[in-house]
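Reviewing the structure listed below.
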Amino acid sequence: MRILKYENYMDLALQQAKIAYDSGEIPVGAIIVYENEVISFAHNEIESRKSASAHAELLALEKANNLLGSRVLEKCTLFSTLEPCGMCAGAIANYRISTLVFGAYDERFGCAFSRLNLLKLMRANTRVIGGVKEQECSELLLSFFQTLRK
């Protein structure tokens, strides 16, 4: 994949994040691509499901797992609008995702690069590419939290 495709796929993840935003959820969206086709998409549903584990990445991983009928998703690329937290990074490693592409860096909870590189610690064979459409992903999150604080 070229960077242009990364940006196109991130646009789809941003669409999911905007759905979360409009639903009052922290605006994080994720998609999973297999053989250049989107096979799974999700957005945060933590508040609506009242579940701390209803992160966009985990929901997308579960959908891809069900679709492909395999717990090994090594030919898949996961796109997330926000750098995954520890829980999501652990799942990415365990599902053996080949490539993780994320938008905004998360200095507070990011566990793919910023705070901790859990994927590296787990010796996952996952290539990590951060900062794709970073400004757009960051601005959506910033807008959400500014609105929340009002």
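Please note that chains go A, B, ... in the order of the structure tokens, that every chain numbers its residues from 1, and that ligands are numbered from 1 in the order shown.
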
Near-segment 3-13 of chain A list (6 Å; only C-alpha atoms; drop same-chain fewer than 3 positions) as JSON, numbers by chain: {"A": [16, 29, 30, 31]}

Residues from the last selection, N, CA and C atoms, saved as a PDB file, in the first residue's frame:
```
ATOM      1  N   GLN A  16     -16.064   6.598  10.941  1.00  0.00           N
ATOM      2  CA  GLN A  16     -16.514   5.857  12.118  1.00  0.00           C
ATOM      3  C   GLN A  16     -16.352   6.692  13.388  1.00  0.00           C
ATOM      4  N   GLY A  29     -12.411   5.716  15.703  1.00  0.00           N
ATOM      5  CA  GLY A  29     -12.926   4.793  14.709  1.00  0.00           C
ATOM      6  C   GLY A  29     -11.834   3.854  14.254  1.00  0.00           C
ATOM      7  N   ALA A  30     -12.233   2.666  13.822  1.00  0.00           N
ATOM      8  CA  ALA A  30     -11.266   1.674  13.352  1.00  0.00           C
ATOM      9  C   ALA A  30     -11.848   0.896  12.187  1.00  0.00           C
ATOM     10  N   ILE A  31     -10.975   0.530  11.265  1.00  0.00           N
ATOM     11  CA  ILE A  31     -11.360  -0.375  10.185  1.00  0.00           C
ATOM     12  C   ILE A  31     -10.264  -1.427  10.036  1.00  0.00           C
TER      13      ILE A  31
END
```

Residue neighbourhood Ala124 of chain A, 9 Å, only C-alpha atoms, exclusion window fewer than 2 positions, as number ranges by chain: A: 92-94, 96-98, 118-122, 126-127

Phe41 of chain A surroundings by only C-alpha atoms, 10 Å radius, close-in-sequence under 2 positions cut, as JSON, numbers by chain: {"A": [12, 13, 15, 16, 29, 30, 31, 32, 33, 38, 39, 43, 56, 57, 59, 60, 61, 63, 64, 78, 79, 80]}

I need the residues from that last selection saved to file as a PDB file, in the first residue's frame (with N, CA and C atoms), if you can.
```pdb
ATOM      1  N   LEU A  12     -11.963   6.506   6.082  1.00  0.00           N
ATOM      2  CA  LEU A  12     -13.052   5.610   6.483  1.00  0.00           C
ATOM      3  C   LEU A  12     -13.087   5.434   7.993  1.00  0.00           C
ATOM      4  N   ALA A  13     -11.924   5.333   8.615  1.00  0.00           N
ATOM      5  CA  ALA A  13     -11.859   5.243  10.075  1.00  0.00           C
ATOM      6  C   ALA A  13     -12.364   6.537  10.700  1.00  0.00           C
ATOM      7  N   GLN A  15     -14.647   8.460   9.445  1.00  0.00           N
ATOM      8  CA  GLN A  15     -16.105   8.421   9.343  1.00  0.00           C
ATOM      9  C   GLN A  15     -16.704   7.691  10.546  1.00  0.00           C
ATOM     10  N   GLN A  16     -16.064   6.598  10.941  1.00  0.00           N
ATOM     11  CA  GLN A  16     -16.514   5.857  12.118  1.00  0.00           C
ATOM     12  C   GLN A  16     -16.352   6.692  13.388  1.00  0.00           C
ATOM     13  N   GLY A  29     -12.411   5.716  15.703  1.00  0.00           N
ATOM     14  CA  GLY A  29     -12.926   4.793  14.709  1.00  0.00           C
ATOM     15  C   GLY A  29     -11.834   3.854  14.254  1.00  0.00           C
ATOM     16  N   ALA A  30     -12.233   2.666  13.822  1.00  0.00           N
ATOM     17  CA  ALA A  30     -11.266   1.674  13.352  1.00  0.00           C
ATOM     18  C   ALA A  30     -11.848   0.896  12.187  1.00  0.00           C
ATOM     19  N   ILE A  31     -10.975   0.530  11.265  1.00  0.00           N
ATOM     20  CA  ILE A  31     -11.360  -0.375  10.185  1.00  0.00           C
ATOM     21  C   ILE A  31     -10.264  -1.427  10.036  1.00  0.00           C
ATOM     22  N   ILE A  32     -10.635  -2.548   9.458  1.00  0.00           N
ATOM     23  CA  ILE A  32      -9.664  -3.605   9.165  1.00  0.00           C
ATOM     24  C   ILE A  32      -9.742  -3.922   7.687  1.00  0.00           C
ATOM     25  N   VAL A  33      -8.567  -3.961   7.077  1.00  0.00           N
ATOM     26  CA  VAL A  33      -8.441  -4.209   5.647  1.00  0.00           C
ATOM     27  C   VAL A  33      -7.750  -5.556   5.446  1.00  0.00           C
ATOM     28  N   VAL A  38     -12.021  -3.519   2.765  1.00  0.00           N
ATOM     29  CA  VAL A  38     -12.450  -3.291   4.149  1.00  0.00           C
ATOM     30  C   VAL A  38     -13.386  -4.424   4.539  1.00  0.00           C
ATOM     31  N   ILE A  39     -13.013  -5.149   5.579  1.00  0.00           N
ATOM     32  CA  ILE A  39     -13.840  -6.273   6.023  1.00  0.00           C
ATOM     33  C   ILE A  39     -14.514  -6.015   7.361  1.00  0.00           C
ATOM     34  N   HIS A  43     -16.673   1.785  15.780  1.00  0.00           N
ATOM     35  CA  HIS A  43     -16.353   3.000  16.514  1.00  0.00           C
ATOM     36  C   HIS A  43     -16.543   2.704  17.997  1.00  0.00           C
ATOM     37  N   ALA A  56     -13.152   0.836  19.768  1.00  0.00           N
ATOM     38  CA  ALA A  56     -13.314   0.654  18.325  1.00  0.00           C
ATOM     39  C   ALA A  56     -12.432  -0.476  17.797  1.00  0.00           C
ATOM     40  N   GLU A  57     -11.173  -0.492  18.227  1.00  0.00           N
ATOM     41  CA  GLU A  57     -10.237  -1.508  17.726  1.00  0.00           C
ATOM     42  C   GLU A  57     -10.689  -2.916  18.101  1.00  0.00           C
ATOM     43  N   LEU A  59     -13.716  -3.968  18.876  1.00  0.00           N
ATOM     44  CA  LEU A  59     -14.942  -4.327  18.162  1.00  0.00           C
ATOM     45  C   LEU A  59     -14.645  -4.687  16.709  1.00  0.00           C
ATOM     46  N   ALA A  60     -13.763  -3.937  16.073  1.00  0.00           N
ATOM     47  CA  ALA A  60     -13.391  -4.234  14.683  1.00  0.00           C
ATOM     48  C   ALA A  60     -12.653  -5.571  14.586  1.00  0.00           C
ATOM     49  N   LEU A  61     -11.768  -5.827  15.533  1.00  0.00           N
ATOM     50  CA  LEU A  61     -11.041  -7.106  15.542  1.00  0.00           C
ATOM     51  C   LEU A  61     -12.000  -8.283  15.685  1.00  0.00           C
ATOM     52  N   LYS A  63     -15.180  -8.416  14.846  1.00  0.00           N
ATOM     53  CA  LYS A  63     -15.946  -8.578  13.603  1.00  0.00           C
ATOM     54  C   LYS A  63     -15.103  -9.274  12.532  1.00  0.00           C
ATOM     55  N   ALA A  64     -13.838  -8.869  12.406  1.00  0.00           N
ATOM     56  CA  ALA A  64     -12.959  -9.494  11.408  1.00  0.00           C
ATOM     57  C   ALA A  64     -12.727 -10.956  11.753  1.00  0.00           C
ATOM     58  N   LEU A  78      -4.907  -2.964  10.453  1.00  0.00           N
ATOM     59  CA  LEU A  78      -5.868  -2.253  11.275  1.00  0.00           C
ATOM     60  C   LEU A  78      -5.566  -0.759  11.217  1.00  0.00           C
ATOM     61  N   PHE A  79      -6.580   0.041  10.906  1.00  0.00           N
ATOM     62  CA  PHE A  79      -6.481   1.494  10.892  1.00  0.00           C
ATOM     63  C   PHE A  79      -7.287   2.019  12.063  1.00  0.00           C
ATOM     64  N   SER A  80      -6.677   2.852  12.889  1.00  0.00           N
ATOM     65  CA  SER A  80      -7.362   3.461  14.018  1.00  0.00           C
ATOM     66  C   SER A  80      -7.058   4.947  14.035  1.00  0.00           C
TER      67      SER A  80
END
```

Gly110 of chain A surroundings by only C-alpha atoms, 7 Å radius, close-in-sequence under 6 positions cut, as a PyMOL selection string: chain A and resi 83-85+116

Prev. selection, all heavy atoms, output as a PDB file, in the first residue's frame:
```pdb
ATOM      1  N   GLU A  83      -3.898   6.247  18.507  1.00  0.00           N
ATOM      2  CA  GLU A  83      -2.922   5.230  18.916  1.00  0.00           C
ATOM      3  C   GLU A  83      -3.565   4.309  19.960  1.00  0.00           C
ATOM      4  O   GLU A  83      -4.143   4.776  20.939  1.00  0.00           O
ATOM      5  CB  GLU A  83      -1.703   5.915  19.516  1.00  0.00           C
ATOM      6  CG  GLU A  83      -0.642   4.964  19.996  1.00  0.00           C
ATOM      7  CD  GLU A  83       0.553   5.679  20.622  1.00  0.00           C
ATOM      8  OE1 GLU A  83       0.591   6.930  20.624  1.00  0.00           O
ATOM      9  OE2 GLU A  83       1.443   4.973  21.111  1.00  0.00           O
ATOM     10  N   PRO A  84      -3.500   3.006  19.764  1.00  0.00           N
ATOM     11  CA  PRO A  84      -4.155   2.069  20.678  1.00  0.00           C
ATOM     12  C   PRO A  84      -3.614   2.115  22.109  1.00  0.00           C
ATOM     13  O   PRO A  84      -2.429   2.341  22.335  1.00  0.00           O
ATOM     14  CB  PRO A  84      -3.878   0.704  20.038  1.00  0.00           C
ATOM     15  CG  PRO A  84      -3.640   1.001  18.605  1.00  0.00           C
ATOM     16  CD  PRO A  84      -2.939   2.332  18.590  1.00  0.00           C
ATOM     17  N   CYS A  85      -4.526   1.866  23.041  1.00  0.00           N
ATOM     18  CA  CYS A  85      -4.180   1.744  24.449  1.00  0.00           C
ATOM     19  C   CYS A  85      -3.564   0.353  24.683  1.00  0.00           C
ATOM     20  O   CYS A  85      -3.453  -0.457  23.758  1.00  0.00           O
ATOM     21  CB  CYS A  85      -5.437   1.912  25.305  1.00  0.00           C
ATOM     22  SG  CYS A  85      -6.626   0.551  25.130  1.00  0.00           S
ATOM     23  N   LEU A 116       4.314   3.678  25.710  1.00  0.00           N
ATOM     24  CA  LEU A 116       4.940   2.366  25.815  1.00  0.00           C
ATOM     25  C   LEU A 116       4.769   1.687  24.467  1.00  0.00           C
ATOM     26  O   LEU A 116       3.776   1.894  23.793  1.00  0.00           O
ATOM     27  CB  LEU A 116       4.211   1.555  26.910  1.00  0.00           C
ATOM     28  CG  LEU A 116       4.574   0.108  27.134  1.00  0.00           C
ATOM     29  CD1 LEU A 116       5.947   0.023  27.807  1.00  0.00           C
ATOM     30  CD2 LEU A 116       3.534  -0.557  28.015  1.00  0.00           C
TER      31      LEU A 116
END
```

What's the 10 Å shell around Ser53 of chain A, counting only C-alpha atoms, without same-chain residues fewer than 4 positions away, as a compact mmCIF listing (two decimals) with all heavy atoms, in the first residue's frame?
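Everything below was put into part32.txt:
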```
# COMPACT_ATOMS: atom_id res chain seq x y z
N ASN A 44 -16.01 3.57 18.83
CA ASN A 44 -16.17 3.39 20.27
C ASN A 44 -17.65 3.28 20.64
O ASN A 44 -18.48 4.04 20.13
CB ASN A 44 -15.56 4.57 21.04
CG ASN A 44 -14.10 4.38 21.35
OD1 ASN A 44 -13.51 3.36 21.01
ND2 ASN A 44 -13.51 5.36 22.00
N GLU A 45 -17.95 2.33 21.52
CA GLU A 45 -19.31 2.15 22.03
C GLU A 45 -19.26 1.94 23.54
O GLU A 45 -20.11 1.26 24.11
CB GLU A 45 -19.98 0.96 21.34
CG GLU A 45 -20.21 1.17 19.87
CD GLU A 45 -20.97 0.03 19.22
OE1 GLU A 45 -21.84 -0.59 19.88
OE2 GLU A 45 -20.68 -0.26 18.04
N ILE A 46 -18.29 2.55 24.18
CA ILE A 46 -18.07 2.36 25.62
C ILE A 46 -19.28 2.82 26.42
O ILE A 46 -19.74 2.11 27.32
CB ILE A 46 -16.79 3.13 26.05
CG1 ILE A 46 -15.57 2.52 25.35
CG2 ILE A 46 -16.62 3.11 27.56
CD1 ILE A 46 -14.34 3.39 25.36
N ARG A 49 -22.71 0.80 25.38
CA ARG A 49 -22.71 -0.59 25.86
C ARG A 49 -22.42 -0.69 27.36
O ARG A 49 -22.52 -1.75 27.93
CB ARG A 49 -21.65 -1.42 25.12
CG ARG A 49 -21.97 -1.66 23.68
CD ARG A 49 -20.96 -2.62 23.08
NE ARG A 49 -21.18 -2.79 21.66
CZ ARG A 49 -20.84 -3.89 21.00
NH1 ARG A 49 -20.26 -4.89 21.62
NH2 ARG A 49 -21.07 -3.97 19.70
N GLU A 57 -11.17 -0.49 18.23
CA GLU A 57 -10.24 -1.51 17.73
C GLU A 57 -10.69 -2.92 18.10
O GLU A 57 -10.66 -3.83 17.27
CB GLU A 57 -8.83 -1.27 18.28
CG GLU A 57 -8.23 0.07 17.91
CD GLU A 57 -8.49 1.17 18.93
OE1 GLU A 57 -9.48 1.08 19.70
OE2 GLU A 57 -7.69 2.12 18.97
N LEU A 58 -11.10 -3.10 19.35
CA LEU A 58 -11.53 -4.43 19.79
C LEU A 58 -12.79 -4.89 19.07
O LEU A 58 -12.90 -6.06 18.70
CB LEU A 58 -11.75 -4.44 21.31
CG LEU A 58 -10.53 -4.19 22.18
CD1 LEU A 58 -10.92 -4.21 23.65
CD2 LEU A 58 -9.44 -5.21 21.90
N LEU A 59 -13.72 -3.97 18.88
CA LEU A 59 -14.94 -4.33 18.16
C LEU A 59 -14.64 -4.69 16.71
O LEU A 59 -15.20 -5.66 16.17
CB LEU A 59 -15.94 -3.17 18.25
CG LEU A 59 -16.43 -2.82 19.67
CD1 LEU A 59 -17.27 -1.55 19.64
CD2 LEU A 59 -17.16 -3.97 20.31
N MET A 87 -4.78 -2.27 26.28
CA MET A 87 -5.72 -3.35 26.04
C MET A 87 -5.82 -3.66 24.55
O MET A 87 -5.77 -4.83 24.13
CB MET A 87 -7.09 -2.95 26.61
CG MET A 87 -8.18 -3.95 26.42
SD MET A 87 -9.71 -3.52 27.30
CE MET A 87 -10.11 -1.90 26.64
N CYS A 88 -5.94 -2.62 23.75
CA CYS A 88 -6.06 -2.81 22.30
C CYS A 88 -4.75 -3.28 21.67
O CYS A 88 -4.76 -4.13 20.78
CB CYS A 88 -6.55 -1.52 21.65
SG CYS A 88 -8.23 -1.09 22.15
```

Shell of 12 Å around Gly24 of chain A, only C-alpha atoms, local chain residues under 4 positions omitted, as a list in words: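 In the requested format, the answer is Ala17, Lys18, Ile19, Ala20, Val28, His43, Asn44, Glu45, Ile46, Glu47, Ser48, Leu141, Ser143, Phe144, Phe145, Thr147 and Leu148 of chain A.
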
Suppose we keep N, CA, C and O atoms; can you now write the selection as an mmCIF file, in the first residue's frame?
```cif
data_model
loop_
_atom_site.group_PDB
_atom_site.id
_atom_site.type_symbol
_atom_site.label_atom_id
_atom_site.label_comp_id
_atom_site.auth_asym_id
_atom_site.auth_seq_id
_atom_site.Cartn_x
_atom_site.Cartn_y
_atom_site.Cartn_z
ATOM 1 N N ALA A 17 -15.232 7.413 13.480
ATOM 2 C CA ALA A 17 -14.992 8.266 14.654
ATOM 3 C C ALA A 17 -16.061 9.360 14.746
ATOM 4 O O ALA A 17 -16.505 9.708 15.849
ATOM 5 N N LYS A 18 -16.494 9.881 13.620
ATOM 6 C CA LYS A 18 -17.530 10.922 13.616
ATOM 7 C C LYS A 18 -18.880 10.359 14.068
ATOM 8 O O LYS A 18 -19.659 11.051 14.726
ATOM 9 N N ILE A 19 -19.145 9.113 13.757
ATOM 10 C CA ILE A 19 -20.358 8.455 14.259
ATOM 11 C C ILE A 19 -20.290 8.381 15.784
ATOM 12 O O ILE A 19 -21.276 8.662 16.475
ATOM 13 N N ALA A 20 -19.128 8.013 16.296
ATOM 14 C CA ALA A 20 -18.943 7.962 17.749
ATOM 15 C C ALA A 20 -19.157 9.339 18.355
ATOM 16 O O ALA A 20 -19.862 9.489 19.360
ATOM 17 N N VAL A 28 -13.341 7.696 18.373
ATOM 18 C CA VAL A 28 -12.304 6.811 17.833
ATOM 19 C C VAL A 28 -12.991 5.852 16.880
ATOM 20 O O VAL A 28 -14.027 5.265 17.214
ATOM 21 N N HIS A 43 -16.673 1.785 15.780
ATOM 22 C CA HIS A 43 -16.353 3.000 16.514
ATOM 23 C C HIS A 43 -16.543 2.704 17.997
ATOM 24 O O HIS A 43 -17.158 1.697 18.366
ATOM 25 N N ASN A 44 -16.014 3.573 18.828
ATOM 26 C CA ASN A 44 -16.172 3.391 20.270
ATOM 27 C C ASN A 44 -17.648 3.282 20.638
ATOM 28 O O ASN A 44 -18.485 4.038 20.131
ATOM 29 N N GLU A 45 -17.950 2.333 21.520
ATOM 30 C CA GLU A 45 -19.307 2.145 22.032
ATOM 31 C C GLU A 45 -19.261 1.942 23.545
ATOM 32 O O GLU A 45 -20.112 1.259 24.113
ATOM 33 N N ILE A 46 -18.289 2.547 24.180
ATOM 34 C CA ILE A 46 -18.067 2.362 25.617
ATOM 35 C C ILE A 46 -19.278 2.821 26.424
ATOM 36 O O ILE A 46 -19.742 2.107 27.318
ATOM 37 N N GLU A 47 -19.783 4.001 26.127
ATOM 38 C CA GLU A 47 -20.917 4.552 26.880
ATOM 39 C C GLU A 47 -22.208 3.816 26.553
ATOM 40 O O GLU A 47 -22.962 3.457 27.450
ATOM 41 N N SER A 48 -22.467 3.575 25.274
ATOM 42 C CA SER A 48 -23.734 2.943 24.893
ATOM 43 C C SER A 48 -23.828 1.496 25.374
ATOM 44 O O SER A 48 -24.899 1.046 25.771
ATOM 45 N N LEU A 141 -10.806 14.733 18.209
ATOM 46 C CA LEU A 141 -10.725 14.424 19.645
ATOM 47 C C LEU A 141 -10.740 15.702 20.477
ATOM 48 O O LEU A 141 -11.464 15.791 21.478
ATOM 49 N N SER A 143 -11.955 18.649 19.715
ATOM 50 C CA SER A 143 -13.288 19.237 19.647
ATOM 51 C C SER A 143 -14.248 18.528 20.600
ATOM 52 O O SER A 143 -15.031 19.166 21.306
ATOM 53 N N PHE A 144 -14.185 17.218 20.640
ATOM 54 C CA PHE A 144 -15.063 16.434 21.517
ATOM 55 C C PHE A 144 -14.829 16.799 22.979
ATOM 56 O O PHE A 144 -15.778 17.070 23.721
ATOM 57 N N PHE A 145 -13.575 16.824 23.390
ATOM 58 C CA PHE A 145 -13.282 17.096 24.799
ATOM 59 C C PHE A 145 -13.548 18.559 25.164
ATOM 60 O O PHE A 145 -13.961 18.852 26.285
ATOM 61 N N THR A 147 -15.983 20.377 23.864
ATOM 62 C CA THR A 147 -17.436 20.411 23.981
ATOM 63 C C THR A 147 -17.888 19.769 25.297
ATOM 64 O O THR A 147 -18.784 20.266 25.979
ATOM 65 N N LEU A 148 -17.255 18.684 25.667
ATOM 66 C CA LEU A 148 -17.592 17.966 26.898
ATOM 67 C C LEU A 148 -17.355 18.828 28.127
ATOM 68 O O LEU A 148 -18.117 18.796 29.087
#
```

Between atom CA of Ser51 of chain A and atom CA of Val101 of chain A, what is the spacing in Å?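 So the two atoms, atom CA of Val101 of chain A and atom CA of Ser51 of chain A, lie 24.6 Å apart.
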
Using DSSP on the backbone, list every residue of segment 6-79 of chain A that comes out as helix (DSSP H, G or I), and give them as a ChimeraX atom specification. /A:6-22,46-49,56-68

Using only N, CA and C atoms, please write the residues we just selected to a file, as a tab-separated table (two decimals), in the first residue's frame.
```
chain	number	residue	atom	x	y	z
A	6	TYR	N	-3.25	4.66	2.49
A	6	TYR	CA	-3.36	4.78	3.95
A	6	TYR	C	-4.29	5.92	4.30
A	7	GLU	N	-4.13	7.04	3.59
A	7	GLU	CA	-4.98	8.19	3.87
A	7	GLU	C	-6.44	7.91	3.51
A	8	ASN	N	-6.67	7.21	2.42
A	8	ASN	CA	-8.04	6.87	2.04
A	8	ASN	C	-8.68	5.96	3.07
A	9	TYR	N	-7.95	4.97	3.53
A	9	TYR	CA	-8.48	4.08	4.57
A	9	TYR	C	-8.70	4.83	5.87
A	10	MET	N	-7.79	5.75	6.20
A	10	MET	CA	-7.96	6.52	7.43
A	10	MET	C	-9.20	7.40	7.34
A	11	ASP	N	-9.54	7.88	6.15
A	11	ASP	CA	-10.78	8.63	5.98
A	11	ASP	C	-11.99	7.78	6.40
A	12	LEU	N	-11.96	6.51	6.08
A	12	LEU	CA	-13.05	5.61	6.48
A	12	LEU	C	-13.09	5.43	7.99
A	13	ALA	N	-11.92	5.33	8.61
A	13	ALA	CA	-11.86	5.24	10.07
A	13	ALA	C	-12.36	6.54	10.70
A	14	LEU	N	-12.04	7.67	10.09
A	14	LEU	CA	-12.54	8.97	10.57
A	14	LEU	C	-14.07	9.05	10.48
A	15	GLN	N	-14.65	8.46	9.45
A	15	GLN	CA	-16.11	8.42	9.34
A	15	GLN	C	-16.70	7.69	10.55
A	16	GLN	N	-16.06	6.60	10.94
A	16	GLN	CA	-16.51	5.86	12.12
A	16	GLN	C	-16.35	6.69	13.39
A	17	ALA	N	-15.23	7.41	13.48
A	17	ALA	CA	-14.99	8.27	14.65
A	17	ALA	C	-16.06	9.36	14.75
A	18	LYS	N	-16.49	9.88	13.62
A	18	LYS	CA	-17.53	10.92	13.62
A	18	LYS	C	-18.88	10.36	14.07
A	19	ILE	N	-19.14	9.11	13.76
A	19	ILE	CA	-20.36	8.45	14.26
A	19	ILE	C	-20.29	8.38	15.78
A	20	ALA	N	-19.13	8.01	16.30
A	20	ALA	CA	-18.94	7.96	17.75
A	20	ALA	C	-19.16	9.34	18.35
A	21	TYR	N	-18.56	10.35	17.75
A	21	TYR	CA	-18.69	11.74	18.21
A	21	TYR	C	-20.16	12.12	18.32
A	22	ASP	N	-20.91	11.87	17.26
A	22	ASP	CA	-22.33	12.23	17.21
A	22	ASP	C	-23.17	11.44	18.22
A	46	ILE	N	-18.29	2.55	24.18
A	46	ILE	CA	-18.07	2.36	25.62
A	46	ILE	C	-19.28	2.82	26.42
A	47	GLU	N	-19.78	4.00	26.13
A	47	GLU	CA	-20.92	4.55	26.88
A	47	GLU	C	-22.21	3.82	26.55
A	48	SER	N	-22.47	3.57	25.27
A	48	SER	CA	-23.73	2.94	24.89
A	48	SER	C	-23.83	1.50	25.37
A	49	ARG	N	-22.71	0.80	25.38
A	49	ARG	CA	-22.71	-0.59	25.86
A	49	ARG	C	-22.42	-0.69	27.36
A	56	ALA	N	-13.15	0.84	19.77
A	56	ALA	CA	-13.31	0.65	18.33
A	56	ALA	C	-12.43	-0.48	17.80
A	57	GLU	N	-11.17	-0.49	18.23
A	57	GLU	CA	-10.24	-1.51	17.73
A	57	GLU	C	-10.69	-2.92	18.10
A	58	LEU	N	-11.10	-3.10	19.35
A	58	LEU	CA	-11.53	-4.43	19.79
A	58	LEU	C	-12.79	-4.89	19.07
A	59	LEU	N	-13.72	-3.97	18.88
A	59	LEU	CA	-14.94	-4.33	18.16
A	59	LEU	C	-14.64	-4.69	16.71
A	60	ALA	N	-13.76	-3.94	16.07
A	60	ALA	CA	-13.39	-4.23	14.68
A	60	ALA	C	-12.65	-5.57	14.59
A	61	LEU	N	-11.77	-5.83	15.53
A	61	LEU	CA	-11.04	-7.11	15.54
A	61	LEU	C	-12.00	-8.28	15.68
A	62	GLU	N	-12.97	-8.15	16.57
A	62	GLU	CA	-13.94	-9.24	16.78
A	62	GLU	C	-14.77	-9.49	15.53
A	63	LYS	N	-15.18	-8.42	14.85
A	63	LYS	CA	-15.95	-8.58	13.60
A	63	LYS	C	-15.10	-9.27	12.53
A	64	ALA	N	-13.84	-8.87	12.41
A	64	ALA	CA	-12.96	-9.49	11.41
A	64	ALA	C	-12.73	-10.96	11.75
A	65	ASN	N	-12.54	-11.23	13.02
A	65	ASN	CA	-12.36	-12.61	13.49
A	65	ASN	C	-13.56	-13.46	13.11
A	66	ASN	N	-14.76	-12.95	13.34
A	66	ASN	CA	-15.98	-13.69	13.00
A	66	ASN	C	-16.13	-13.87	11.49
A	67	LEU	N	-15.80	-12.85	10.73
A	67	LEU	CA	-15.93	-12.92	9.28
A	67	LEU	C	-14.96	-13.93	8.67
A	68	LEU	N	-13.71	-13.86	9.10
A	68	LEU	CA	-12.68	-14.75	8.54
A	68	LEU	C	-12.66	-16.12	9.21
```
